[in-house]
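S.K.: Provided herewith: run-v9.cif, mmCIF, C-alpha atoms, pLDDT in the B column; chains and numbers go by the auth columns.
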```cif
data_my_file
#
loop_
_atom_site.group_PDB
_atom_site.id
_atom_site.type_symbol
_atom_site.label_atom_id
_atom_site.label_comp_id
_atom_site.label_asym_id
_atom_site.label_seq_id
_atom_site.Cartn_x
_atom_site.Cartn_y
_atom_site.Cartn_z
_atom_site.B_iso_or_equiv
_atom_site.auth_seq_id
_atom_site.auth_asym_id
ATOM 1 C CA MET A 1 -9.063 -8.030 4.120 27.00 1 G
ATOM 2 C CA LYS A 2 -5.342 -7.450 4.592 32.00 2 G
ATOM 3 C CA LEU A 3 -4.171 -3.905 4.124 33.00 3 G
ATOM 4 C CA LEU A 4 -0.917 -3.866 6.034 38.00 4 G
ATOM 5 C CA HIS A 5 2.426 -5.633 6.179 40.00 5 G
ATOM 6 C CA GLN A 6 1.578 -8.466 3.847 41.00 6 G
ATOM 7 C CA GLY A 7 3.772 -11.539 3.866 43.00 7 G
ATOM 8 C CA ASP A 8 1.850 -14.255 2.071 47.00 8 G
ATOM 9 C CA HIS A 9 4.700 -14.914 -0.413 56.00 9 G
ATOM 10 C CA GLN A 10 2.381 -14.631 -3.409 75.00 10 G
ATOM 11 C CA LEU A 11 3.463 -13.093 -6.675 83.00 11 G
ATOM 12 C CA LYS A 12 0.624 -10.846 -7.867 85.00 12 G
ATOM 13 C CA LEU A 13 -0.089 -8.764 -10.936 87.00 13 G
ATOM 14 C CA THR A 14 -3.394 -6.885 -10.790 87.00 14 G
ATOM 15 C CA TYR A 15 -5.082 -4.307 -12.982 89.00 15 G
ATOM 16 C CA ARG A 16 -6.078 -1.414 -10.757 91.00 16 G
ATOM 17 C CA THR A 17 -8.950 1.014 -11.230 90.00 17 G
ATOM 18 C CA THR A 18 -8.640 2.335 -7.670 87.00 18 G
ATOM 19 C CA LEU A 19 -5.784 2.911 -5.246 85.00 19 G
ATOM 20 C CA ASP A 20 -7.619 2.676 -1.935 68.00 20 G
ATOM 21 C CA PHE A 21 -4.600 1.889 0.208 68.00 21 G
ATOM 22 C CA PRO A 22 -3.693 3.575 3.492 63.00 22 G
ATOM 23 C CA ILE A 23 -0.067 3.783 4.566 66.00 23 G
ATOM 24 C CA HIS A 24 1.355 0.268 4.815 71.00 24 G
ATOM 25 C CA ILE A 25 4.490 -1.875 4.861 68.00 25 G
ATOM 26 C CA GLN A 26 5.115 -5.128 3.059 74.00 26 G
ATOM 27 C CA ASN A 27 8.061 -7.462 2.640 75.00 27 G
ATOM 28 C CA ALA A 28 7.933 -7.186 -1.120 86.00 28 G
ATOM 29 C CA VAL A 29 8.854 -4.983 -4.050 93.00 29 G
ATOM 30 C CA GLU A 30 5.800 -3.063 -5.245 94.00 30 G
ATOM 31 C CA ILE A 31 5.762 -1.772 -8.821 95.00 31 G
ATOM 32 C CA LEU A 32 2.930 0.406 -10.098 95.00 32 G
ATOM 33 C CA PHE A 33 2.634 1.426 -13.751 95.00 33 G
ATOM 34 C CA LEU A 34 0.014 4.170 -14.037 95.00 34 G
ATOM 35 C CA THR A 35 -1.706 3.910 -17.431 94.00 35 G
ATOM 36 C CA SER A 36 -4.055 6.833 -16.764 96.00 36 G
ATOM 37 C CA GLY A 37 -5.015 9.346 -14.091 96.00 37 G
ATOM 38 C CA GLU A 38 -3.001 10.787 -11.262 95.00 38 G
ATOM 39 C CA THR A 39 -2.374 10.159 -7.579 94.00 39 G
ATOM 40 C CA THR A 40 -0.215 11.312 -4.689 90.00 40 G
ATOM 41 C CA VAL A 41 2.246 8.749 -3.374 91.00 41 G
ATOM 42 C CA ILE A 42 2.891 8.859 0.357 81.00 42 G
ATOM 43 C CA TYR A 43 6.538 7.786 0.689 82.00 43 G
ATOM 44 C CA GLY A 44 7.798 8.062 4.233 70.00 44 G
ATOM 45 C CA ALA A 45 7.275 11.706 5.141 65.00 45 G
ATOM 46 C CA GLN A 46 7.056 12.792 1.482 77.00 46 G
ATOM 47 C CA ARG A 47 4.044 13.399 -0.764 81.00 47 G
ATOM 48 C CA LEU A 48 5.058 12.771 -4.382 92.00 48 G
ATOM 49 C CA PRO A 49 2.844 13.457 -7.434 95.00 49 G
ATOM 50 C CA MET A 50 2.418 10.572 -9.868 97.00 50 G
ATOM 51 C CA GLU A 51 0.882 10.949 -13.329 97.00 51 G
ATOM 52 C CA THR A 52 0.008 8.895 -16.399 97.00 52 G
ATOM 53 C CA GLY A 53 3.009 6.960 -17.689 95.00 53 G
ATOM 54 C CA ASP A 54 4.930 7.091 -14.415 96.00 54 G
ATOM 55 C CA LEU A 55 6.383 3.967 -12.827 96.00 55 G
ATOM 56 C CA LEU A 56 6.551 3.635 -9.033 97.00 56 G
ATOM 57 C CA VAL A 57 9.018 1.282 -7.351 96.00 57 G
ATOM 58 C CA VAL A 58 8.773 0.725 -3.593 94.00 58 G
ATOM 59 C CA PHE A 59 11.423 -1.400 -1.902 91.00 59 G
ATOM 60 C CA PRO A 60 10.546 -3.877 0.889 84.00 60 G
ATOM 61 C CA ASN A 61 9.584 -2.592 4.356 73.00 61 G
ATOM 62 C CA GLN A 62 9.196 1.031 3.255 77.00 62 G
ATOM 63 C CA LEU A 63 6.183 3.014 4.471 73.00 63 G
ATOM 64 C CA HIS A 64 3.994 4.057 1.564 83.00 64 G
ATOM 65 C CA GLY A 65 0.421 4.635 0.491 83.00 65 G
ATOM 66 C CA PHE A 66 -1.758 6.669 -1.867 87.00 66 G
ATOM 67 C CA GLU A 67 -4.112 9.625 -1.568 80.00 67 G
ATOM 68 C CA ASN A 68 -6.036 12.029 -3.807 81.00 68 G
ATOM 69 C CA SER A 69 -6.264 9.446 -6.604 88.00 69 G
ATOM 70 C CA ARG A 70 -8.247 10.577 -9.642 89.00 70 G
ATOM 71 C CA ASN A 71 -9.352 8.499 -12.644 93.00 71 G
ATOM 72 C CA VAL A 72 -6.541 6.003 -12.112 95.00 72 G
ATOM 73 C CA THR A 73 -5.918 2.817 -14.030 94.00 73 G
ATOM 74 C CA GLY A 74 -2.734 0.810 -14.016 93.00 74 G
ATOM 75 C CA TYR A 75 -0.896 -2.411 -13.318 92.00 75 G
ATOM 76 C CA MET A 76 0.421 -3.257 -9.853 92.00 76 G
ATOM 77 C CA LEU A 77 3.047 -5.955 -9.499 91.00 77 G
ATOM 78 C CA ILE A 78 3.801 -7.287 -6.002 90.00 78 G
ATOM 79 C CA VAL A 79 6.988 -9.376 -5.761 91.00 79 G
ATOM 80 C CA PRO A 80 7.823 -10.929 -2.371 87.00 80 G
ATOM 81 C CA VAL A 81 11.538 -10.911 -1.633 86.00 81 G
ATOM 82 C CA HIS A 82 11.360 -14.578 -0.718 83.00 82 G
ATOM 83 C CA PRO A 83 11.448 -16.709 -2.731 82.00 83 G
ATOM 84 C CA TYR A 84 11.467 -14.601 -5.899 87.00 84 G
ATOM 85 C CA LEU A 85 14.214 -12.020 -5.324 91.00 85 G
ATOM 86 C CA ALA A 86 16.823 -13.874 -3.291 87.00 86 G
ATOM 87 C CA ALA A 87 19.517 -12.763 -5.748 89.00 87 G
ATOM 88 C CA TYR A 88 18.751 -9.108 -4.980 92.00 88 G
ATOM 89 C CA HIS A 89 18.070 -9.542 -1.270 88.00 89 G
ATOM 90 C CA ARG A 90 21.105 -7.653 0.033 88.00 90 G
ATOM 91 C CA THR A 91 20.671 -4.737 -2.370 92.00 91 G
ATOM 92 C CA LEU A 92 16.976 -4.416 -1.514 90.00 92 G
ATOM 93 C CA GLU A 93 17.622 -4.652 2.223 83.00 93 G
ATOM 94 C CA ASP A 94 20.461 -2.137 2.392 85.00 94 G
ATOM 95 C CA ASN A 95 19.213 0.484 -0.077 88.00 95 G
ATOM 96 C CA VAL A 96 16.178 2.504 -1.126 86.00 96 G
ATOM 97 C CA PRO A 97 15.538 4.680 -4.209 91.00 97 G
ATOM 98 C CA LEU A 98 16.291 8.377 -3.796 90.00 98 G
ATOM 99 C CA ASN A 99 13.067 8.925 -5.715 93.00 99 G
ATOM 100 C CA PRO A 100 10.760 5.906 -6.145 95.00 100 G
ATOM 101 C CA ILE A 101 9.019 7.357 -9.233 97.00 101 G
ATOM 102 C CA LEU A 102 10.445 6.992 -12.738 96.00 102 G
ATOM 103 C CA ARG A 103 9.031 9.374 -15.349 96.00 103 G
ATOM 104 C CA PRO A 104 8.246 8.039 -18.845 95.00 104 G
ATOM 105 C CA ASP A 105 11.440 9.456 -20.386 94.00 105 G
ATOM 106 C CA GLN A 106 13.468 7.599 -17.742 93.00 106 G
ATOM 107 C CA TRP A 107 12.136 4.110 -18.342 92.00 107 G
ATOM 108 C CA GLN A 108 10.192 3.830 -21.598 89.00 108 G
ATOM 109 C CA GLY A 109 12.139 2.652 -24.602 87.00 109 G
ATOM 110 C CA THR A 110 14.316 0.388 -22.453 87.00 110 G
ATOM 111 C CA LEU A 111 14.217 -3.349 -21.833 84.00 111 G
ATOM 112 C CA ILE A 112 11.840 -2.823 -18.941 85.00 112 G
ATOM 113 C CA ASP A 113 9.318 -1.223 -21.309 85.00 113 G
ATOM 114 C CA GLN A 114 9.030 -4.445 -23.298 82.00 114 G
ATOM 115 C CA LEU A 115 9.116 -6.604 -20.175 81.00 115 G
ATOM 116 C CA MET A 116 6.323 -4.684 -18.454 81.00 116 G
ATOM 117 C CA GLU A 117 4.153 -4.814 -21.560 79.00 117 G
ATOM 118 C CA LEU A 118 4.794 -8.522 -22.054 75.00 118 G
ATOM 119 C CA SER A 119 4.147 -9.340 -18.411 76.00 119 G
ATOM 120 C CA CYS A 120 0.894 -7.361 -18.306 76.00 120 G
ATOM 121 C CA LYS A 121 -0.423 -9.009 -21.454 72.00 121 G
ATOM 122 C CA GLU A 122 0.737 -12.576 -20.935 72.00 122 G
ATOM 123 C CA TRP A 123 0.682 -12.962 -17.156 73.00 123 G
ATOM 124 C CA SER A 124 -2.341 -15.253 -16.931 70.00 124 G
ATOM 125 C CA SER A 125 -1.173 -17.600 -19.668 76.00 125 G
ATOM 126 C CA VAL A 126 2.470 -18.302 -18.760 74.00 126 G
ATOM 127 C CA ASN A 127 3.745 -20.832 -16.254 79.00 127 G
ATOM 128 C CA PRO A 128 5.174 -19.781 -12.872 76.00 128 G
ATOM 129 C CA GLY A 129 8.780 -20.368 -13.915 78.00 129 G
ATOM 130 C CA ILE A 130 8.526 -17.953 -16.826 81.00 130 G
ATOM 131 C CA ARG A 131 6.773 -15.424 -14.606 80.00 131 G
ATOM 132 C CA GLN A 132 9.689 -15.542 -12.207 82.00 132 G
ATOM 133 C CA GLY A 133 12.032 -14.935 -15.132 85.00 133 G
ATOM 134 C CA TYR A 134 10.080 -11.821 -16.095 85.00 134 G
ATOM 135 C CA VAL A 135 10.220 -10.604 -12.510 88.00 135 G
ATOM 136 C CA LEU A 136 13.981 -11.025 -12.168 90.00 136 G
ATOM 137 C CA LEU A 137 14.582 -9.148 -15.404 90.00 137 G
ATOM 138 C CA ILE A 138 12.191 -6.339 -14.474 91.00 138 G
ATOM 139 C CA VAL A 139 13.625 -5.816 -10.992 93.00 139 G
ATOM 140 C CA GLY A 140 17.191 -6.110 -12.253 93.00 140 G
ATOM 141 C CA LYS A 141 16.587 -3.441 -14.884 93.00 141 G
ATOM 142 C CA LEU A 142 14.880 -1.167 -12.367 94.00 142 G
ATOM 143 C CA LEU A 143 17.864 -1.420 -10.032 94.00 143 G
ATOM 144 C CA SER A 144 20.049 -0.118 -12.848 93.00 144 G
ATOM 145 C CA LEU A 145 17.713 2.829 -13.517 94.00 145 G
ATOM 146 C CA LEU A 146 17.087 3.964 -9.935 94.00 146 G
ATOM 147 C CA PRO A 147 19.678 6.026 -8.028 93.00 147 G
ATOM 148 C CA LEU A 148 19.913 4.363 -4.599 92.00 148 G
ATOM 149 C CA THR A 149 20.839 5.507 -1.130 89.00 149 G
ATOM 150 C CA ALA A 150 21.518 3.575 2.072 84.00 150 G
ATOM 151 C CA THR A 151 18.412 2.461 3.929 69.00 151 G
ATOM 152 C CA GLN A 152 17.256 4.388 6.967 55.00 152 G
ATOM 153 C CA LYS A 153 14.908 1.977 8.657 50.00 153 G
ATOM 154 C CA VAL A 154 11.837 3.479 10.321 48.00 154 G
ATOM 155 C CA SER A 155 10.939 2.141 13.733 47.00 155 G
ATOM 156 C CA GLY A 156 11.631 -1.433 12.648 55.00 156 G
ATOM 157 C CA THR A 157 9.944 -4.369 14.292 70.00 157 G
ATOM 158 C CA ALA A 158 7.975 -2.335 16.824 80.00 158 G
ATOM 159 C CA LEU A 159 6.056 -0.455 14.148 79.00 159 G
ATOM 160 C CA GLN A 160 5.382 -3.631 12.195 75.00 160 G
ATOM 161 C CA GLU A 161 4.050 -5.342 15.310 83.00 161 G
ATOM 162 C CA VAL A 162 1.662 -2.482 16.037 88.00 162 G
ATOM 163 C CA LEU A 163 0.472 -2.281 12.427 83.00 163 G
ATOM 164 C CA ASP A 164 -0.088 -6.038 12.298 82.00 164 G
ATOM 165 C CA PHE A 165 -2.118 -5.886 15.507 89.00 165 G
ATOM 166 C CA LEU A 166 -4.271 -3.034 14.230 89.00 166 G
ATOM 167 C CA ASN A 167 -4.781 -4.816 10.928 83.00 167 G
ATOM 168 C CA ASN A 168 -6.221 -7.810 12.763 87.00 168 G
ATOM 169 C CA HIS A 169 -8.244 -5.929 15.401 92.00 169 G
ATOM 170 C CA TYR A 170 -9.371 -2.582 13.944 92.00 170 G
ATOM 171 C CA THR A 171 -13.034 -3.656 13.933 94.00 171 G
ATOM 172 C CA GLU A 172 -12.933 -3.975 17.726 94.00 172 G
ATOM 173 C CA ALA A 173 -13.310 -1.240 20.348 93.00 173 G
ATOM 174 C CA LEU A 174 -9.736 0.049 20.620 93.00 174 G
ATOM 175 C CA SER A 175 -8.053 2.715 22.686 91.00 175 G
ATOM 176 C CA ARG A 176 -4.430 3.741 22.988 90.00 176 G
ATOM 177 C CA GLU A 177 -4.388 2.035 26.382 92.00 177 G
ATOM 178 C CA SER A 178 -5.788 -1.269 25.124 94.00 178 G
ATOM 179 C CA VAL A 179 -3.465 -1.354 22.111 93.00 179 G
ATOM 180 C CA ALA A 180 -0.432 -0.550 24.270 92.00 180 G
ATOM 181 C CA GLN A 181 -1.333 -3.373 26.648 92.00 181 G
ATOM 182 C CA ALA A 182 -1.894 -5.836 23.799 93.00 182 G
ATOM 183 C CA VAL A 183 1.400 -5.154 21.988 90.00 183 G
ATOM 184 C CA GLY A 184 3.512 -4.605 25.111 91.00 184 G
ATOM 185 C CA TYR A 185 4.676 -1.033 24.464 90.00 185 G
ATOM 186 C CA HIS A 186 4.102 2.096 26.521 92.00 186 G
ATOM 187 C CA GLU A 187 1.362 4.445 25.378 91.00 187 G
ATOM 188 C CA SER A 188 3.735 7.356 24.887 91.00 188 G
ATOM 189 C CA TYR A 189 5.978 5.173 22.722 90.00 189 G
ATOM 190 C CA LEU A 190 3.025 4.277 20.503 89.00 190 G
ATOM 191 C CA SER A 191 2.252 7.961 20.078 89.00 191 G
ATOM 192 C CA HIS A 192 5.885 8.563 19.133 86.00 192 G
ATOM 193 C CA LEU A 193 5.834 5.746 16.557 83.00 193 G
ATOM 194 C CA PHE A 194 2.822 7.168 14.786 83.00 194 G
ATOM 195 C CA SER A 195 3.817 10.813 14.925 80.00 195 G
ATOM 196 C CA GLU A 196 7.396 10.197 13.770 75.00 196 G
ATOM 197 C CA SER A 197 6.836 7.443 11.205 69.00 197 G
ATOM 198 C CA LEU A 198 3.304 7.922 9.894 68.00 198 G
ATOM 199 C CA HIS A 199 2.701 11.578 10.763 69.00 199 G
ATOM 200 C CA ILE A 200 -0.832 10.842 11.976 76.00 200 G
ATOM 201 C CA THR A 201 -2.338 9.768 15.277 86.00 201 G
ATOM 202 C CA MET A 202 -3.120 6.142 15.989 89.00 202 G
ATOM 203 C CA LYS A 203 -6.794 7.055 16.301 90.00 203 G
ATOM 204 C CA ASP A 204 -6.825 8.567 12.811 86.00 204 G
ATOM 205 C CA TYR A 205 -5.006 5.533 11.453 85.00 205 G
ATOM 206 C CA ILE A 206 -7.588 3.134 12.911 90.00 206 G
ATOM 207 C CA THR A 207 -10.365 5.307 11.498 90.00 207 G
ATOM 208 C CA ALA A 208 -8.750 5.134 8.052 82.00 208 G
ATOM 209 C CA LEU A 209 -8.612 1.341 8.222 85.00 209 G
ATOM 210 C CA ARG A 210 -12.288 1.172 9.150 90.00 210 G
ATOM 211 C CA VAL A 211 -13.323 3.534 6.367 88.00 211 G
ATOM 212 C CA ARG A 212 -11.302 1.624 3.759 79.00 212 G
ATOM 213 C CA GLN A 213 -12.954 -1.655 4.788 86.00 213 G
ATOM 214 C CA ALA A 214 -16.361 0.029 4.747 91.00 214 G
ATOM 215 C CA ALA A 215 -15.687 1.297 1.224 85.00 215 G
ATOM 216 C CA HIS A 216 -14.795 -2.232 0.155 82.00 216 G
ATOM 217 C CA LEU A 217 -18.080 -3.577 1.565 91.00 217 G
ATOM 218 C CA LEU A 218 -20.120 -0.762 0.026 91.00 218 G
ATOM 219 C CA LYS A 219 -18.636 -1.552 -3.365 84.00 219 G
ATOM 220 C CA ASN A 220 -18.761 -5.329 -3.199 85.00 220 G
ATOM 221 C CA SER A 221 -21.861 -6.190 -1.159 91.00 221 G
ATOM 222 C CA GLU A 222 -25.453 -5.157 -0.554 93.00 222 G
ATOM 223 C CA ILE A 223 -25.111 -5.048 3.243 95.00 223 G
ATOM 224 C CA ALA A 224 -27.047 -2.185 4.816 96.00 224 G
ATOM 225 C CA ILE A 225 -24.937 0.893 5.495 96.00 225 G
ATOM 226 C CA SER A 226 -25.796 0.873 9.207 96.00 226 G
ATOM 227 C CA ASP A 227 -24.676 -2.755 9.470 96.00 227 G
ATOM 228 C CA ILE A 228 -21.436 -1.974 7.646 96.00 228 G
ATOM 229 C CA ALA A 229 -20.724 0.860 10.069 96.00 229 G
ATOM 230 C CA THR A 230 -21.117 -1.481 13.032 95.00 230 G
ATOM 231 C CA SER A 231 -19.149 -4.330 11.455 96.00 231 G
ATOM 232 C CA VAL A 232 -16.034 -2.211 10.811 95.00 232 G
ATOM 233 C CA GLY A 233 -15.953 -0.819 14.352 95.00 233 G
ATOM 234 C CA PHE A 234 -17.861 2.468 14.423 96.00 234 G
ATOM 235 C CA GLY A 235 -20.002 3.117 17.487 93.00 235 G
ATOM 236 C CA SER A 236 -22.682 5.062 15.652 94.00 236 G
ATOM 237 C CA ILE A 237 -23.866 5.789 12.131 95.00 237 G
ATOM 238 C CA ARG A 238 -23.201 9.473 12.783 95.00 238 G
ATOM 239 C CA SER A 239 -19.513 8.949 13.552 95.00 239 G
ATOM 240 C CA PHE A 240 -19.249 6.601 10.561 96.00 240 G
ATOM 241 C CA ASN A 241 -20.747 9.135 8.155 95.00 241 G
ATOM 242 C CA ARG A 242 -18.522 11.912 9.465 94.00 242 G
ATOM 243 C CA ALA A 243 -15.343 9.838 9.111 92.00 243 G
ATOM 244 C CA PHE A 244 -16.329 8.475 5.703 91.00 244 G
ATOM 245 C CA ILE A 245 -16.982 11.933 4.271 90.00 245 G
ATOM 246 C CA GLN A 246 -13.712 13.259 5.667 85.00 246 G
ATOM 247 C CA ILE A 247 -11.621 10.502 4.081 79.00 247 G
ATOM 248 C CA MET A 248 -13.544 9.583 0.907 78.00 248 G
ATOM 249 C CA GLU A 249 -14.969 13.070 0.188 79.00 249 G
ATOM 250 C CA CYS A 250 -18.480 11.733 -0.350 88.00 250 G
ATOM 251 C CA THR A 251 -21.194 10.077 1.712 94.00 251 G
ATOM 252 C CA PRO A 252 -21.429 6.283 1.983 94.00 252 G
ATOM 253 C CA THR A 253 -24.635 6.385 -0.084 94.00 253 G
ATOM 254 C CA GLN A 254 -22.950 8.413 -2.824 92.00 254 G
ATOM 255 C CA TYR A 255 -19.972 6.061 -2.834 88.00 255 G
ATOM 256 C CA ARG A 256 -22.195 3.019 -3.262 91.00 256 G
ATOM 257 C CA LYS A 257 -24.068 4.649 -6.173 87.00 257 G
ATOM 258 C CA GLN A 258 -20.784 5.524 -7.897 77.00 258 G
#
```
Please express what this file holds, its structure, as structure tokens.
M.R.:
Amino acid sequence: MKLLHQGDHQLKLTYRTTLDFPIHIQNAVEILFLTSGETTVIYGAQRLPMETGDLLVVFPNQLHGFENSRNVTGYMLIVPVHPYLAAYHRTLEDNVPLNPILRPDQWQGTLIDQLMELSCKEWSSVNPGIRQGYVLLIVGKLLSLLPLTATQKVSGTALQEVLDFLNNHYTEALSRESVAQAVGYHESYLSHLFSESLHITMKDYITALRVRQAAHLLKNSEIAISDIATSVGFGSIRSFNRAFIQIMECTPTQYRKQ
């Protein structure tokens, strides 16, 4: 299950009832319309509250994630820059929103209001060409509503390489030494990347990936909890339970029952 730096070039509109995403990067515009509930958006080093009716717009290659989500429902639109947004490529590459969240009074009642509603309702029934038309109009309107500032890129290719490696290998036995050797960067540099860009340790980040995958398996399979713990990379059921409770605020058994 991919959680980080996605580049599969697929245009996706999904109806969300959870926001179980750790911090990640993707080469796409991500738009989230929250129809109910509330969450905290991790946006670089910021924690921004998001409530019912808010619209989140994340530009490509910007670190972001979600935490403390409660009773959320909403639509998430993922639009890869290539091939869908070639006309906006330079603007998206050189700029980011000053604030990625638009409140209802900032966006509802405009063209984008009708476009979002139409896209959410008709997405599955329209052909790909019309979908792309919706997307261009939506992103174009958003660019006119969002105050922009010049991009300050965070750790660039090095961070993406490390995140991609962890995404593919987090179920294995990993240490800072083994990761540094695999990606070709010094251990101290890896520590700097995580502390400066993600504001967590690499160990905590790997643990979060494992817990998120475990939550997915608990929700979507009947695999025994002990087997899930082993499959996602935990060395013992005790360490798995401790990490799961810390991140998900409930036990694995409670999560599965919910």
S.K.: Go through G:Leu136, G:Ser195, G:Gly53, G:Thr91 one by one, measure the shortest atom-to-atom distance of each to Asp105 in chain G using all atoms listed in the file, and give the residue with the smallest value.
M.R.: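 Among the listed residues, G:Gly53 lies closest to Asp105 in chain G.
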S.K.: Residue by residue, what does the PyMOL selection byres ((chain G and resi 16) around 8) grab here? Present the result as number ranges by chain.
M.R.: G: 14-15, 17-19, 72-76
S.K.: Report as CSV: every residue of range 115-196 of chain G with an atom at most 9 Å from range 82-88 of chain G, its closest pair of atoms, and their distance in Å to one decimal, counting only C-alpha atoms, with rows sorted by chain and ascending residue number.
M.R.:
```
residue,atom,partner,partner_atom,distance
G:Gln132,CA,G:Tyr84,CA,6.6
G:Val135,CA,G:Tyr84,CA,7.8
G:Leu136,CA,G:Leu85,CA,6.9
G:Val139,CA,G:Leu85,CA,8.4
G:Gly140,CA,G:Tyr88,CA,8.0
```
S.K.: Could you please determine the separation between CA of Lys219 in chain G and CA of Leu63 in chain G in Å, to one decimal place?
M.R.: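 Value for the CA of Lys219 in chain G-CA of Leu63 in chain G distance: 26.4 Å.
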S.K.: Please identify all polymer residues within 12 Å of range 95-101 of chain G, counting all atoms listed in the file, omitting same-chain residues fewer than 6 positions from it, and present them as a VMD selection string.
M.R.: chain G and resid 29 to 34 39 to 44 46 to 64 88 to 89 107 142 to 153
S.K.: Which one of G:Ile138, G:Leu115, G:Ile206, G:Ile225 sits closest to Asp164 in chain G if you count only C-alpha atoms?
M.R.: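 Ranking G:Ile138, G:Leu115, G:Ile206, G:Ile225 by distance to Asp164 in chain G, first place goes to G:Ile206.
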S.K.: If you count only C-alpha atoms, which residues fall within 10 Å of range 241-244 of chain G, apart from same-chain ones fewer than 5 positions away, as a VMD selection string?
M.R.: chain G and resid 204 207 to 208 210 to 212 214 to 215 225 to 226 229 234 236 249 to 253 255
S.K.: Between G:Glu122, G:Ile112, G:Tyr185, G:Thr35, which is the closest to Leu137 in chain G once you count all atoms listed in the file?
M.R.: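 Among the listed residues, G:Ile112 lies closest to Leu137 in chain G.
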